[in-house]
>>> print(open('final.tsv').read())   # TSV, C-alpha atoms
chain	number	residue	atom	x	y	z
B	1	MET	CA	34.66	-24.60	81.58
B	2	ASP	CA	35.88	-28.16	81.99
B	3	LEU	CA	33.06	-30.47	80.93
B	4	LYS	CA	34.12	-33.05	83.52
B	5	ASP	CA	33.30	-30.55	86.28
B	6	ILE	CA	29.72	-29.87	85.11
B	7	LYS	CA	26.99	-30.82	87.55
B	8	PRO	CA	23.87	-31.19	85.36
B	9	ASP	CA	20.43	-30.24	86.60
B	10	VAL	CA	18.83	-32.87	84.34
B	11	THR	CA	20.24	-36.10	82.89
B	12	LEU	CA	18.53	-37.67	79.89
B	13	ASP	CA	19.47	-41.24	79.02
B	14	ALA	CA	19.11	-41.60	75.25
B	15	ARG	CA	21.53	-44.50	74.91
B	16	GLY	CA	20.43	-47.06	72.34
B	17	LEU	CA	18.14	-44.59	70.57
B	18	SER	CA	18.79	-43.60	66.98
B	19	CYS	CA	18.08	-40.42	65.06
B	20	PRO	CA	15.83	-38.50	65.52
B	21	MET	CA	14.84	-39.74	68.99
B	22	PRO	CA	17.77	-38.31	71.03
B	23	LEU	CA	17.09	-34.86	69.57
B	24	LEU	CA	13.31	-35.08	70.08
B	25	LYS	CA	13.68	-36.26	73.68
B	26	THR	CA	16.22	-33.48	74.36
B	27	LYS	CA	13.84	-30.83	73.00
B	28	LYS	CA	11.01	-32.18	75.15
B	29	ALA	CA	13.15	-32.34	78.30
B	30	MET	CA	14.44	-28.79	77.80
B	31	LYS	CA	10.88	-27.39	77.59
B	32	GLY	CA	10.45	-28.23	81.28
B	33	MET	CA	13.75	-26.68	82.36
B	34	LYS	CA	14.40	-23.21	83.78
B	35	PRO	CA	16.78	-20.72	82.12
B	36	GLY	CA	20.39	-21.39	83.13
B	37	GLN	CA	19.85	-25.05	83.90
B	38	ILE	CA	22.12	-27.63	82.27
B	39	ILE	CA	21.03	-30.88	80.67
B	40	GLU	CA	23.34	-33.85	80.20
B	41	VAL	CA	22.28	-36.18	77.40
B	42	LEU	CA	23.76	-39.68	77.40
B	43	GLY	CA	23.76	-41.08	73.88
B	44	THR	CA	25.20	-43.68	71.55
B	45	ASP	CA	23.98	-42.24	68.23
B	46	PRO	CA	26.94	-40.61	66.42
B	47	GLY	CA	24.49	-38.35	64.56
B	48	SER	CA	23.79	-36.54	67.83
B	49	LYS	CA	27.30	-35.04	67.62
B	50	LYS	CA	25.93	-32.86	64.80
B	51	ASP	CA	22.23	-32.70	65.70
B	52	LEU	CA	22.52	-31.41	69.27
B	53	PRO	CA	24.93	-28.50	68.56
B	54	ASP	CA	22.76	-27.51	65.56
B	55	PHE	CA	19.66	-27.61	67.77
B	56	ALA	CA	21.35	-25.46	70.43
B	57	GLN	CA	22.34	-22.84	67.86
B	58	LYS	CA	18.94	-22.72	66.14
B	59	SER	CA	16.98	-22.62	69.41
B	60	GLY	CA	19.18	-20.04	71.11
B	61	ASN	CA	20.32	-22.44	73.81
B	62	GLU	CA	24.01	-22.74	74.69
B	63	TRP	CA	26.04	-25.70	73.45
B	64	LEU	CA	28.60	-26.55	76.12
B	65	GLY	CA	30.22	-29.55	74.45
B	66	VAL	CA	30.50	-33.32	74.27
B	67	LEU	CA	32.63	-35.86	76.09
B	68	ASP	CA	33.42	-39.33	74.79
B	69	ASP	CA	32.74	-41.34	77.92
B	70	GLY	CA	35.11	-44.10	76.84
B	71	GLU	CA	32.46	-46.65	77.77
B	72	GLY	CA	30.71	-46.68	74.40
B	73	PHE	CA	28.60	-43.55	74.77
B	74	TYR	CA	28.80	-39.77	74.68
B	75	ARG	CA	27.85	-37.10	77.21
B	76	PHE	CA	26.36	-34.00	75.59
B	77	TYR	CA	25.89	-30.76	77.55
B	78	LEU	CA	23.51	-27.90	76.80
B	79	ARG	CA	22.41	-24.90	78.86
B	80	LYS	CA	18.80	-23.67	78.65
B	81	LYS	CA	18.49	-20.10	77.37
>>> encode(input="final.tsv", output="structure tokens")
Amino acid sequence: MDLKDIKPDVTLDARGLSCPMPLLKTKKAMKGMKPGQIIEVLGTDPGSKKDLPDFAQKSGNEWLGVLDDGEGFYRFYLRKK
């Protein structure tokens, strides 16, 4: 799957937030999602590159990957279990 072709069901803007806020906001947003839906998290915290894949693995959700937007932030993709 090419990450650039993903059409997220939910986009969470966590830019400017530092650890642990991007992770906490992602967890909260995913609670309201249906199985199979994809969340895109926009973030600037480099710690999220480790935190979000770890969260996906521990929670049973699917880690789809991360894109460096090239504009100073990252786009993280997860699929709800």
>>> residues_around(input="final.tsv", residues="B:Lys7", least_positions_apart="2", cutoff="8 Å", atoms="only C-alpha atoms", output="PyMOL selection string")
chain B and resi 5+9+38
>>> closest_residue(input="final.tsv", among="B:Gly72, B:Pro22, B:Gly65, B:Gly43", to="B:Leu3", atoms="only C-alpha atoms")
B:Gly65
>>> closest_residue(input="final.tsv", among="B:Asp45, B:Phe76, B:Lys81, B:Pro8", to="B:Lys31", atoms="all atoms listed in the file")
B:Lys81
>>> atom_distance(input="final.tsv", atom1="atom CA of B:Gly16", atom2="atom CA of B:Pro53")
19.5 Å
>>> atom_distance(input="final.tsv", atom1="atom CA of B:Leu23", atom2="atom CA of B:Gln37")
17.6 Å
>>> atom_distance(input="final.tsv", atom1="atom CA of B:Leu42", atom2="atom CA of B:Thr11")
7.4 Å
>>> closest_residue(input="final.tsv", among="B:Lys80, B:Leu64, B:Ala56, B:Pro20", to="B:Gly32", atoms="all atoms listed in the file")
B:Lys80
>>> residues_around(input="final.tsv", residues="B:Met30", least_positions_apart="3", cutoff="8 Å", atoms="only C-alpha atoms", output="number ranges by chain")
B: 26-27, 33, 39, 80
>>> write_last_selection(input="final.tsv", atoms="C-alpha atoms", output="PDB file, in the frame of the given file")
ATOM      1  CA  THR B  26      16.220 -33.480  74.360  1.00  0.00           C
ATOM      2  CA  LYS B  27      13.840 -30.830  73.000  1.00  0.00           C
ATOM      3  CA  MET B  33      13.750 -26.680  82.360  1.00  0.00           C
ATOM      4  CA  ILE B  39      21.030 -30.880  80.670  1.00  0.00           C
ATOM      5  CA  LYS B  80      18.800 -23.670  78.650  1.00  0.00           C
TER       6      LYS B  80
END
>>> closest_residue(input="final.tsv", among="B:Arg15, B:Lys4, B:Lys28, B:Lys34", to="B:Arg79", atoms="all atoms listed in the file")
B:Lys34
>>> closest_residue(input="final.tsv", among="B:Tyr77, B:Ile6, B:Asp13, B:Gly70", to="B:Leu52", atoms="all atoms listed in the file")
B:Tyr77
>>> residues_around(input="final.tsv", residues="B:Arg75", least_positions_apart="5", cutoff="8 Å", atoms="all atoms listed in the file", output="PyMOL selection string")
chain B and resi 40-43+66-69
>>> axis_aligned_box(input="final.tsv", around="stretch 40-51 of chain B", padding_each_side="5 Å", output="JSON")
{"center_x": 24.8, "center_y": -38.2, "center_z": 72.4, "size_x": 15.1, "size_y": 21.0, "size_z": 25.6}
>>> closest_residue(input="final.tsv", among="B:Pro46, B:Leu24, B:Cys19, B:Pro35", to="B:Phe73", atoms="only C-alpha atoms")
B:Pro46
